[in-house]
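Structure below is work_17.txt: compact mmCIF, C-alpha atoms.
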```
# COMPACT_ATOMS: atom_id res chain seq x y z
CA PRO W 21 3.10 15.38 15.74
CA ILE W 22 5.08 14.08 12.73
CA MET W 23 5.43 10.64 14.24
CA ARG W 24 1.77 10.56 15.26
CA GLY W 25 0.75 11.54 11.72
CA THR W 26 3.06 8.93 10.26
CA LEU W 27 1.55 6.24 12.47
CA MET W 28 -1.97 7.32 11.50
CA GLY W 29 -1.01 7.07 7.82
CA VAL W 30 0.52 3.64 8.36
CA VAL W 31 -2.58 2.34 10.16
CA LEU W 32 -4.93 3.73 7.53
CA ILE W 33 -3.03 2.41 4.53
CA ASN W 34 -2.66 -1.02 6.12
CA LEU W 35 -6.33 -1.15 7.06
CA LEU W 36 -7.85 0.32 3.93
CA VAL W 37 -5.48 0.19 0.96
CA PHE W 38 -2.97 -2.66 0.97
CA PRO W 39 -5.43 -5.46 1.83
CA TYR W 40 -6.25 -5.72 -1.89
CA GLN W 41 -3.15 -7.94 -2.06
CA GLY W 42 -4.97 -10.77 -0.33
CA LEU W 43 -7.68 -10.74 -2.99
CA ILE W 44 -5.39 -10.92 -6.03
CA PRO W 45 -6.07 -14.69 -6.48
CA VAL W 46 -9.82 -14.02 -6.37
CA PHE W 47 -9.46 -11.27 -8.99
CA ALA W 48 -7.35 -13.54 -11.18
CA ARG W 49 -9.89 -16.35 -11.04
CA ASP W 50 -13.26 -14.57 -10.91
CA VAL W 51 -12.72 -11.16 -12.50
CA LEU W 52 -9.80 -11.47 -14.90
CA ARG W 53 -10.27 -15.20 -15.57
CA VAL W 54 -6.59 -16.05 -15.95
CA ASP W 55 -4.61 -19.18 -15.21
CA PRO W 56 -2.26 -19.70 -12.23
CA GLY W 57 0.78 -18.65 -14.28
CA LEU W 58 -0.70 -15.23 -15.03
CA LEU W 59 -1.85 -15.00 -11.42
CA GLY W 60 1.80 -15.35 -10.40
CA VAL W 61 2.82 -12.56 -12.75
CA LEU W 62 -0.01 -10.37 -11.46
CA ALA W 63 0.90 -11.07 -7.83
CA ALA W 64 4.54 -10.21 -8.53
CA ALA W 65 3.71 -6.87 -10.17
CA ASP W 66 3.57 -4.83 -6.97
CA GLY W 67 6.79 -6.43 -5.72
CA VAL W 68 8.58 -5.46 -8.91
CA GLY W 69 7.10 -1.97 -8.61
CA ALA W 70 8.27 -1.73 -5.00
CA VAL W 71 11.84 -2.41 -6.10
CA ILE W 72 11.48 0.30 -8.75
CA GLY W 73 10.12 2.75 -6.15
CA ALA W 74 12.97 2.02 -3.77
CA LEU W 75 15.48 2.45 -6.59
CA VAL W 76 13.93 5.80 -7.52
CA LEU W 77 14.50 7.01 -3.97
CA ALA W 78 17.99 5.53 -3.79
CA SER W 79 18.96 7.20 -7.05
CA LYS W 80 18.03 10.59 -5.63
CA GLY W 81 20.84 10.44 -3.08
CA ARG W 82 19.71 12.76 -0.33
CA VAL W 83 15.92 12.76 -0.12
CA ARG W 84 14.19 15.88 1.15
CA TYR W 85 10.56 16.37 2.10
CA HIS W 86 9.99 12.93 3.56
CA GLY W 87 6.42 13.82 4.52
CA ARG W 88 5.49 14.82 0.97
CA TRP W 89 6.91 11.60 -0.42
CA PHE W 90 5.03 9.66 2.26
CA LEU W 91 1.65 11.32 1.68
CA THR W 92 1.98 11.23 -2.10
CA SER W 93 2.81 7.52 -2.03
CA ILE W 94 -0.20 6.83 0.22
CA ALA W 95 -2.51 8.73 -2.14
CA LEU W 96 -1.03 6.97 -5.19
CA ALA W 97 -1.44 3.59 -3.52
CA ALA W 98 -5.08 4.33 -2.71
CA VAL W 99 -5.84 5.50 -6.25
CA THR W 100 -4.18 2.43 -7.76
CA ALA W 101 -6.11 0.14 -5.39
CA ILE W 102 -9.36 1.78 -6.53
CA LEU W 103 -8.35 1.34 -10.18
CA PHE W 104 -7.41 -2.29 -9.54
CA GLY W 105 -10.81 -2.84 -7.93
CA ILE W 106 -12.71 -1.57 -10.96
CA SER W 107 -10.46 -3.05 -13.66
CA HIS W 108 -11.62 -5.98 -15.74
CA SER W 109 -8.53 -6.01 -17.95
CA TYR W 110 -5.52 -8.15 -17.11
CA VAL W 111 -3.05 -5.74 -18.71
CA LEU W 112 -4.55 -2.73 -16.93
CA SER W 113 -4.61 -4.61 -13.63
CA PHE W 114 -0.95 -5.56 -14.06
CA LEU W 115 0.08 -1.97 -14.85
CA VAL W 116 -1.95 -0.60 -11.95
CA LEU W 117 -0.36 -3.10 -9.55
CA LEU W 118 3.08 -2.20 -10.89
CA ILE W 119 2.39 1.47 -10.11
CA ALA W 120 0.93 0.48 -6.73
CA GLY W 121 4.21 -1.27 -6.04
CA VAL W 122 6.18 1.87 -6.84
CA ALA W 123 4.01 3.68 -4.29
CA LEU W 124 4.58 0.82 -1.83
CA GLY W 125 8.37 1.02 -2.21
CA ILE W 126 8.37 4.76 -1.60
CA TYR W 127 5.85 4.52 1.24
CA ALA W 128 7.77 1.74 3.02
CA THR W 129 11.01 3.67 2.83
CA MET W 130 9.45 6.91 4.03
CA GLU W 131 7.51 5.40 6.92
CA PHE W 132 10.76 4.21 8.49
CA ALA W 133 12.65 7.37 7.56
CA LEU W 134 10.03 9.61 9.16
CA MET W 135 10.05 7.59 12.37
CA LEU W 136 13.84 7.37 12.61
CA VAL W 137 14.55 11.00 11.70
CA ASN W 138 12.02 12.32 14.20
CA ALA W 139 12.73 10.00 17.12
CA GLU W 140 15.31 10.80 19.74
CA PRO W 141 18.31 8.46 19.30
CA GLU W 142 17.57 6.55 22.50
CA MET W 143 13.90 6.11 21.44
CA ARG W 144 14.46 4.83 17.89
CA GLY W 145 14.04 1.18 18.82
CA ARG W 146 10.72 1.91 20.49
CA ALA W 147 9.62 4.07 17.56
CA ILE W 148 10.26 1.21 15.14
CA GLY W 149 8.43 -1.16 17.51
CA VAL W 150 5.37 1.09 17.49
CA LEU W 151 5.64 1.39 13.71
CA THR W 152 5.70 -2.40 13.41
CA LEU W 153 2.57 -2.55 15.56
CA ALA W 154 0.86 -0.07 13.23
CA ILE W 155 1.89 -2.13 10.20
CA SER W 156 0.34 -5.21 11.81
CA CYS W 157 -3.15 -3.73 11.22
CA TRP W 158 -2.94 -5.27 7.75
CA PRO W 159 -4.69 -8.58 8.66
CA VAL W 160 -7.59 -6.63 10.18
CA GLY W 161 -7.81 -4.70 6.92
CA MET W 162 -7.86 -7.98 4.99
CA LEU W 163 -10.77 -9.11 7.14
CA MET W 164 -12.64 -5.87 6.41
CA VAL W 165 -12.00 -5.97 2.67
CA GLY W 166 -12.86 -9.66 2.54
CA THR W 167 -16.13 -9.04 4.35
CA VAL W 168 -17.10 -6.20 2.01
CA ALA W 169 -16.01 -8.27 -1.01
CA ASP W 170 -18.09 -11.20 0.21
CA ARG W 171 -21.19 -9.01 0.61
CA TRP W 172 -20.80 -7.33 -2.78
CA THR W 173 -18.04 -8.22 -5.23
CA PRO W 174 -14.26 -8.34 -4.85
CA GLY W 175 -13.82 -5.30 -7.10
CA LEU W 176 -16.40 -3.23 -5.31
CA GLY W 177 -15.00 -4.27 -1.93
CA VAL W 178 -11.50 -3.17 -2.81
CA ALA W 179 -12.66 0.04 -4.51
CA VAL W 180 -14.97 1.10 -1.67
CA VAL W 181 -12.50 0.40 1.13
CA ALA W 182 -9.61 2.06 -0.76
CA THR W 183 -11.82 5.08 -1.45
CA VAL W 184 -12.41 5.41 2.28
CA GLY W 185 -8.63 5.15 2.71
CA LEU W 186 -8.04 7.90 0.19
```
As structure tokens:
Amino acid sequence: PIMRGTLMGVVLINLLVFPYQGLIPVFARDVLRVDPGLLGVLAAADGVGAVIGALVLASKGRVRYHGRWFLTSIALAAVTAILFGISHSYVLSFLVLLIAGVALGIYATMEFALMLVNAEPEMRGRAIGVLTLAISCWPVGMLMVGTVADRWTPGLGVAVVATVGL
């Protein structure tokens, strides 16, 4: 049940939350109206945050309650995606993406930890293979978010889809 729940969380977050990343250039150009240099900074924000999130976990030494960390990071990622979708401020968007990255770093660590800790040793390779398959839902999520964004606006598309994810 833990592995099944983990996989469901991975599919949902990759379908409904993380696809905002593909629309960052659209936000930079059409919503925030910034140049390519600031787009690069904005696009790097969640990567920097992910390093911070991973360092937070690493600094804890032994991490307990993997499931709580996992679910909290998913919820935080969804909330930050919603906030990114409705933001019209570059600084706010940057900060929100930085926090989203922290959630991403924690989430990515915990998804693998939950699968590896709960799989039998001889099944760990298969468990990671199934996890990788679940992660690969991301392009389908990008298609969904892009379709909604095309029908309405990029911000509304990201906010609506991430709200469903939450």
Inset, instruction - Figure out the distance between atom CA of Pro21 of chain W and atom CA of Ala123 of chain W, please, to one decimal in Å. - result: 23.2 Å
Legend entry - Separation of atom CA of Ser113 of chain W from atom CA of Leu62 of chain W, in Å and rounded to one decimal: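 It comes out at 7.7 Å.
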Legend entry - Selection: 9 Å around segment 46-48 of chain W, all atoms listed in the file, excl. self and same-chain fewer than 6 positions, as an MDAnalysis selection string: chainID W and resid 54:56 58:59 62 105 108 110 174:175
Legend entry - Residues within 12 Å of (-15.5, -9.7, -1.5), counting all atoms listed in the file, listed as number ranges by chain: W: 39-40, 42-47, 50-51, 105, 162-181
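Atom CA of Ser107 of chain W lies 8.5 Å from atom CA of Leu52 of chain W.
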Legend entry - Polymer residues at most 12 Å from (2.1, 14.9, 10.6) by only C-alpha atoms, as a ChimeraX atom specification: /W:21-30,86-88,90-91,131,134-135,138
Restrict the selected residues to C-alpha atoms and save them as a PDB file, keeping the file's coordinate frame.
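Below is the file that was written, selection_0.pdb:
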```pdb
ATOM      1  CA  PRO W  21       3.100  15.380  15.740  1.00  0.00           C
ATOM      2  CA  ILE W  22       5.080  14.080  12.730  1.00  0.00           C
ATOM      3  CA  MET W  23       5.430  10.640  14.240  1.00  0.00           C
ATOM      4  CA  ARG W  24       1.770  10.560  15.260  1.00  0.00           C
ATOM      5  CA  GLY W  25       0.750  11.540  11.720  1.00  0.00           C
ATOM      6  CA  THR W  26       3.060   8.930  10.260  1.00  0.00           C
ATOM      7  CA  LEU W  27       1.550   6.240  12.470  1.00  0.00           C
ATOM      8  CA  MET W  28      -1.970   7.320  11.500  1.00  0.00           C
ATOM      9  CA  GLY W  29      -1.010   7.070   7.820  1.00  0.00           C
ATOM     10  CA  VAL W  30       0.520   3.640   8.360  1.00  0.00           C
ATOM     11  CA  HIS W  86       9.990  12.930   3.560  1.00  0.00           C
ATOM     12  CA  GLY W  87       6.420  13.820   4.520  1.00  0.00           C
ATOM     13  CA  ARG W  88       5.490  14.820   0.970  1.00  0.00           C
ATOM     14  CA  PHE W  90       5.030   9.660   2.260  1.00  0.00           C
ATOM     15  CA  LEU W  91       1.650  11.320   1.680  1.00  0.00           C
ATOM     16  CA  GLU W 131       7.510   5.400   6.920  1.00  0.00           C
ATOM     17  CA  LEU W 134      10.030   9.610   9.160  1.00  0.00           C
ATOM     18  CA  MET W 135      10.050   7.590  12.370  1.00  0.00           C
ATOM     19  CA  ASN W 138      12.020  12.320  14.200  1.00  0.00           C
TER      20      ASN W 138
END
```
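For Ile72 of chain W, the list of residues within 8 Å, based on only C-alpha atoms and with local chain neighbours fewer than 2 positions off taken out, reads W:Val68, W:Gly69, W:Ala70, W:Ala74, W:Leu75, W:Val76, W:Gly121, W:Val122, W:Gly125.
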Legend entry - Best match for closeness to Leu136 of chain W among W:Gly57, W:Gly67, W:Pro159, W:Gly149, counting all atoms listed in the file: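 Selected residue with least distance to Leu136 of chain W: W:Gly149.
Between Leu115 of chain W and the candidates W:Ala133, W:Ala128, W:Leu103, W:Ala78, the tightest atom-to-atom separation, counting all atoms listed in the file, involves W:Leu103.
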Inset, instruction - Would you mind telling me which residue in W:Ile119, W:Leu36, W:Val83, W:Val111 lies nearest to Leu96 of chain W when using all atoms listed in the file? - result: W:Ile119
